[in-house]
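Asker: Take a look at this one; I'll ask things after.
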Amino acid sequence: MTASLDRRLGMSDAVVVGLGAMIGAGVFVAFAPAAARAGSLVWAALAVAAVVAVCNAVSSARLAARFPAAGGTYVYGREVLGPLPGFLAGWGFVVGKTASCAAMALTAGLYVWPEHAHVVAAAAVLALTLLSVFGVQRSAGASKVLVAIVVAVLAVFVVAAWAIGPGAADAAPPVFPVPSVDEQPWPARLLGVLGGAGFCFFAFAGYARIATLGEEVREPERTIPRAVVIAISVVIVIYAVVLATTVHILGVGGVAAGPAPVLDAAQRIGDGGIAPIVRVAAGIAALGALLGGILGVSRTTMAMARDRYLPSRLASVHPTTRTPYVAEICVGVVVAGIVLVADVRQAIGFSSFAVLVYYLIANAAALRLPREHRRLPAWVPVLGALGCVVVAGSLPWQSVVAGLAVFALGGVVYAVTRRRAIPPGVPSQS
């Protein structure tokens, strides 16, 4: 059975799904490598990532309002640019966000039980997959709780850092070396900013979850654009405040020195009493993002299966819960397998590259929309597309090579399946 999904999500639900997808492991881990690459210009790296994210979000919002169907840029690219760009967007989203889900799960494991991080991560993936299968309304409700907890803990962290500052035990704080990029000439520093933006972008990627829920949002033409803008605006403010706070406590060198700068800063505030709370919040945030990731990847998988690029069984919708349960189960099993063998930094780099390609196609599709449907200046998708190319190219070469190889494999899959696929403009199975 491949029936349509129920439209049960309102504005607040859509915003929270986006917040839950963005306020994940990224805010707890992304600033360390970003500071190491950008040095004292880490603020510029965050700003570049934010500008690219905003352009991508606005373009995605307009496309989602024009094509309110599950599948996100896979649908937009297919209908506006043609079947190959659409397929590559869907392929990039599925493989990139699958890697992102693995990174989120591993982050939860590393914070909750470091000695058994991989086992904890796999268990978390399977548990949240079941939650998704049981119904997206319940998943949205769980996301609201997770987001509220994480934002509250981050607020406590920020207030304590500025009101209390380092404790007496930190009277002789360690001296962290200045990131080496600060001593290099400007061309290298500019490249450092772009590289830092690549890491920061991982912390932003997540607003596309709202667009992939296009078939489950009430009044999608009105709800999706507003929900995307609200969610990303809130996240930009939160990230800027958290970065300012960690730099205030640790300095830029301290932020760059360890893998968990927020936790390092929390341990130096007062007597370190809020550190355990921050540790738990990081695990909760990663789980919230993982939940959103499973929802988004499974719905894009379902859309591609409807169009016969993937096995049609993946398009099945459960007759009771009205969720794409086969796609969700398959995504969960694959992610659980990855977390048992994956390295979290490799997963982040690969995910960022694939997702930036996804948004490159989204911006190209937005630029091709007729003016009456685009309803935004042409420079927005142009700037977004250029930013995606520059930031993706700034990632570690291993991530770039692996990403290009996976997209080449996607091209092979497209060549094999395109004859049986449903052409653009023809209704998918539903």
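Residue numbering restarts at 1 in every chain; chains get A, B, ... in the order shown in the structure tokens, and ligands count up from 1 in that same order.
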Can you tell me, as an NGL selection string, what residues are no more than 7 Å from region 318-329 of chain A when counting only C-alpha atoms, ignoring any on the same chain fewer than 3 positions away?
Answerer: :A and (5-6 or 129 or 133-135 or 294 or 298-299 or 301-302 or 314-315 or 332-333)
Asker: Using the selection just defined, write its residues with C-alpha atoms as a short mmCIF file (atom, residue, chain, number, x, y, z; two decimals), in the first residue's frame.
Answerer:
```cif
data_model
loop_
_atom_site.label_atom_id
_atom_site.label_comp_id
_atom_site.auth_asym_id
_atom_site.auth_seq_id
_atom_site.Cartn_x
_atom_site.Cartn_y
_atom_site.Cartn_z
CA LEU A 5 0.47 10.55 4.43
CA ASP A 6 -1.86 12.31 6.88
CA THR A 129 13.36 4.04 14.51
CA VAL A 133 7.33 3.84 12.80
CA PHE A 134 4.67 4.29 15.49
CA GLY A 135 3.66 7.71 14.13
CA ILE A 294 15.37 9.23 10.45
CA SER A 298 12.89 7.75 5.22
CA ARG A 299 10.53 10.17 3.48
CA THR A 301 13.60 7.26 0.30
CA MET A 302 9.84 6.78 0.04
CA LEU A 314 10.21 1.21 0.27
CA ALA A 315 7.18 3.38 -0.63
CA GLY A 332 17.37 2.45 10.92
CA VAL A 333 19.06 -0.88 10.20
#
```
Asker: Against region 402-409 of chain A, which residues of region 295-372 of chain A fall within 7 Å? For each one I want the closest pair of atoms and the distance in Å (one decimal), counting only C-alpha atoms, rows by chain and increasing residue number, as a tab-separated table.
Answerer:
```
residue	atom	partner	partner_atom	distance
A:Phe350	CA	A:Gly403	CA	6.1
A:Phe353	CA	A:Gly403	CA	6.3
A:Ala354	CA	A:Gly403	CA	6.1
```
Asker: Return the single residue from A:Leu191, A:Val94, A:Leu310, A:Ile348 that is closest to Ser399 (chain A), with distances computed using only C-alpha atoms.
Answerer: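 Of the candidates, the smallest distance to Ser399 (chain A) is held by A:Ile348.
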Asker: As an exercise, work out the distance from CA of Gly253 (chain A) to CA of Ala265 (chain A) in Å and give it to one decimal place.
Answerer: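 Atom-to-atom, CA of Gly253 (chain A) and CA of Ala265 (chain A) are spaced 12.2 Å apart.
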Asker: With a distance cut-off of 9 Å and only C-alpha atoms, select the neighbouring residues of Ile338 (chain A), excluding the residue or stretch itself and same-chain residues fewer than 5 positions from it, and output the selection as a PDB file with C-alpha atoms, in the first residue's frame.
Answerer:
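File produced: selection.pdb:
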```
ATOM      1  CA  THR A  98      22.381   8.602   6.721  1.00  0.00           C
ATOM      2  CA  ALA A  99      25.978   9.518   7.575  1.00  0.00           C
ATOM      3  CA  ALA A 102      25.379   7.921  12.310  1.00  0.00           C
ATOM      4  CA  ALA A 122      23.190   1.382  17.738  1.00  0.00           C
ATOM      5  CA  VAL A 333      19.059  -0.876  10.203  1.00  0.00           C
TER       6      VAL A 333
END
```
Asker: CA of Tyr358 (chain A) and CA of Tyr74 (chain A), how far apart in Å?
Answerer: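 CA of Tyr358 (chain A) lies at a distance of 8.5 Å from CA of Tyr74 (chain A).
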Asker: Using DSSP on the backbone coordinates, identify the residues of region 154-238 of chain A assigned to helix (DSSP H, G or I); present them as a ChimeraX atom specification.
Answerer: /A:154-163,168-170,180-183,186-204,208-212,220-238
Asker: Take the residues from that selection and put them in a file with C-alpha atoms, as a tab-separated table (two decimals), in the first residue's frame.
Answerer:
```tsv
chain	number	residue	atom	x	y	z
A	154	LEU	CA	22.18	25.72	27.13
A	155	ALA	CA	20.52	28.75	28.74
A	156	VAL	CA	21.74	27.65	32.18
A	157	PHE	CA	25.23	27.14	30.75
A	158	VAL	CA	25.30	30.62	29.20
A	159	VAL	CA	23.94	32.42	32.27
A	160	ALA	CA	26.30	30.59	34.63
A	161	ALA	CA	29.31	31.27	32.41
A	162	TRP	CA	28.74	35.02	32.33
A	163	ALA	CA	27.44	35.38	35.91
A	168	ALA	CA	38.44	28.96	42.28
A	169	ALA	CA	39.72	25.56	41.22
A	170	ASP	CA	40.56	27.19	37.92
A	180	SER	CA	48.45	28.06	14.09
A	181	VAL	CA	46.30	29.63	11.38
A	182	ASP	CA	46.43	32.95	13.28
A	183	GLU	CA	50.14	33.17	12.51
A	186	TRP	CA	45.84	36.22	4.87
A	187	PRO	CA	45.32	33.78	1.97
A	188	ALA	CA	45.75	30.89	4.41
A	189	ARG	CA	43.50	32.57	6.96
A	190	LEU	CA	40.79	33.00	4.35
A	191	LEU	CA	41.00	29.31	3.51
A	192	GLY	CA	40.84	28.64	7.23
A	193	VAL	CA	37.60	30.60	7.50
A	194	LEU	CA	36.08	28.62	4.64
A	195	GLY	CA	37.24	25.37	6.19
A	196	GLY	CA	35.77	26.40	9.52
A	197	ALA	CA	32.51	27.27	7.77
A	198	GLY	CA	32.40	23.71	6.45
A	199	PHE	CA	32.44	22.36	10.00
A	200	CYS	CA	29.96	24.98	11.24
A	201	PHE	CA	27.56	24.13	8.42
A	202	PHE	CA	27.18	20.63	9.83
A	203	ALA	CA	25.68	22.25	12.92
A	204	PHE	CA	23.11	24.09	10.78
A	208	ALA	CA	15.40	20.49	5.22
A	209	ARG	CA	13.56	18.13	7.56
A	210	ILE	CA	10.62	20.53	7.47
A	211	ALA	CA	10.43	20.40	3.67
A	212	THR	CA	10.61	16.61	3.59
A	220	PRO	CA	2.07	23.61	3.48
A	221	GLU	CA	2.14	26.68	1.19
A	222	ARG	CA	1.87	28.93	4.24
A	223	THR	CA	3.34	26.79	7.01
A	224	ILE	CA	6.59	25.49	5.49
A	225	PRO	CA	8.23	28.82	4.50
A	226	ARG	CA	7.43	30.42	7.85
A	227	ALA	CA	8.51	27.38	9.84
A	228	VAL	CA	11.86	27.20	8.03
A	229	VAL	CA	12.64	30.89	8.58
A	230	ILE	CA	11.61	30.81	12.25
A	231	ALA	CA	13.60	27.67	13.00
A	232	ILE	CA	16.85	28.78	11.39
A	233	SER	CA	16.63	32.27	12.92
A	234	VAL	CA	16.32	30.80	16.40
A	235	VAL	CA	19.24	28.45	15.80
A	236	ILE	CA	21.55	31.22	14.54
A	237	VAL	CA	20.98	33.17	17.75
A	238	ILE	CA	21.57	30.10	19.94
```
Asker: Just give me the gap between CA of Arg306 (chain A) and CA of Arg420 (chain A) in Å, one decimal is fine.
Answerer: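 Going from CA of Arg306 (chain A) over to CA of Arg420 (chain A), I get 11.4 Å.
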Asker: Choose the residue, out of A:Arg66, A:Arg78, A:Arg374, A:Lys97, that has the smallest atom-to-atom separation from Ala289 (chain A); count only C-alpha atoms.
Answerer: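 Checking each of A:Arg66, A:Arg78, A:Arg374, A:Lys97 against Ala289 (chain A), counting only C-alpha atoms, the winner is A:Lys97.
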Asker: Just want the 12 Å neighbourhood of Arg368 (chain A), counted on only C-alpha atoms, with same-chain residues fewer than 5 positions away dropped. Output as a short mmCIF file (atom, residue, chain, number, x, y, z; two decimals) with N, CA and C atoms, in the first residue's frame.
Answerer:
```cif
data_model
loop_
_atom_site.label_atom_id
_atom_site.label_comp_id
_atom_site.auth_asym_id
_atom_site.auth_seq_id
_atom_site.Cartn_x
_atom_site.Cartn_y
_atom_site.Cartn_z
N SER A 59 15.50 29.38 -0.12
CA SER A 59 15.24 28.70 -1.40
C SER A 59 14.42 27.44 -1.18
N ARG A 62 10.68 28.26 -0.41
CA ARG A 62 9.87 28.60 -1.57
C ARG A 62 9.57 27.37 -2.41
N LEU A 63 10.54 26.50 -2.56
CA LEU A 63 10.32 25.27 -3.32
C LEU A 63 9.31 24.37 -2.62
N TYR A 76 11.83 18.76 -5.92
CA TYR A 76 12.02 20.06 -6.57
C TYR A 76 12.94 19.94 -7.78
N GLY A 77 14.07 19.29 -7.60
CA GLY A 77 15.02 19.14 -8.70
C GLY A 77 14.44 18.36 -9.85
N GLU A 79 11.23 18.03 -10.75
CA GLU A 79 10.18 18.74 -11.45
C GLU A 79 10.68 19.99 -12.17
N VAL A 80 11.70 20.66 -11.63
CA VAL A 80 12.16 21.93 -12.19
C VAL A 80 13.37 21.74 -13.10
N LEU A 81 14.33 20.91 -12.70
CA LEU A 81 15.58 20.77 -13.44
C LEU A 81 15.64 19.51 -14.31
N GLY A 82 14.86 18.50 -13.96
CA GLY A 82 14.91 17.27 -14.72
C GLY A 82 15.19 16.07 -13.82
N ILE A 361 21.70 21.88 -5.60
CA ILE A 361 20.60 21.57 -6.52
C ILE A 361 19.33 22.32 -6.12
N ALA A 362 19.09 22.46 -4.83
CA ALA A 362 17.92 23.20 -4.36
C ALA A 362 17.97 24.65 -4.81
N ASN A 363 19.12 25.28 -4.67
CA ASN A 363 19.26 26.67 -5.11
C ASN A 363 19.10 26.81 -6.61
N HIS A 373 6.19 32.27 -8.66
CA HIS A 373 6.32 31.21 -7.67
C HIS A 373 7.57 31.38 -6.81
N ARG A 374 8.63 31.96 -7.38
CA ARG A 374 9.87 32.12 -6.64
C ARG A 374 9.70 33.12 -5.51
N ARG A 375 9.20 34.29 -5.81
CA ARG A 375 8.91 35.32 -4.82
C ARG A 375 10.09 35.61 -3.89
N LEU A 376 11.29 35.64 -4.46
CA LEU A 376 12.48 36.07 -3.74
C LEU A 376 13.50 36.54 -4.76
N PRO A 377 14.39 37.47 -4.38
CA PRO A 377 15.37 37.98 -5.35
C PRO A 377 16.25 36.87 -5.89
N ALA A 378 16.65 37.00 -7.15
CA ALA A 378 17.47 35.96 -7.78
C ALA A 378 18.82 35.79 -7.09
N PRO A 381 19.21 32.55 -4.29
CA PRO A 381 19.68 31.22 -4.68
C PRO A 381 21.06 31.23 -5.33
N VAL A 382 21.42 32.32 -6.00
CA VAL A 382 22.77 32.40 -6.60
C VAL A 382 23.83 32.39 -5.50
#
```
Asker: Using only C-alpha atoms, which protein or nucleic acid residues come within 8 Å of Lys144 (chain A)? Drop anything in the same chain fewer than 6 positions from it, and give the result as a list in words.
Answerer: Asp13, Val16, Val17 and Gly20 of chain A
Asker: Nearest residue to Val58 (chain A) out of A:Leu263, A:Val400, A:Tyr207, A:Val242, using only C-alpha atoms?
Answerer: A:Tyr207
Asker: With only C-alpha atoms as the atoms that count, which of A:Thr300, A:Cys330, A:Ala342, A:Gly165 lies nearest to Arg313 (chain A)?
Answerer: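 Under the stated criterion, the closest residue is A:Cys330.
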Asker: Kindly indicate which residue among A:Ser100, A:Ser132, A:Gln346, A:Ser312 lies nearest to Val401 (chain A), using only C-alpha atoms for the distances.
Answerer: A:Gln346
Asker: Select from region 208-274 of chain A every residue with an atom at most 9 Å from any atom of region 36-47 of chain A, then for each give the shortest pair of atoms and their distance in Å to one decimal, using only C-alpha atoms, rows by chain and rising number, as CSV.
Answerer:
```
residue,atom,partner,partner_atom,distance
A:Tyr239,CA,A:Leu46,CA,8.5
A:Ala240,CA,A:Leu46,CA,7.8
A:Leu243,CA,A:Trp43,CA,8.3
A:Ala244,CA,A:Trp43,CA,8.8
A:Val252,CA,A:Ser40,CA,6.1
A:Gly253,CA,A:Gly39,CA,7.5
A:Val255,CA,A:Ala36,CA,8.0
A:Ala256,CA,A:Ala36,CA,4.7
A:Ala257,CA,A:Ala36,CA,7.5
```
Asker: Select, from A:Gly96, A:Gly10, A:Gly109, A:Gly86, the residue with the minimum atom-to-atom distance to Gly283 (chain A), counting only C-alpha atoms.
Answerer: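 Nearest candidate to Gly283 (chain A) out of A:Gly96, A:Gly10, A:Gly109, A:Gly86: A:Gly109.
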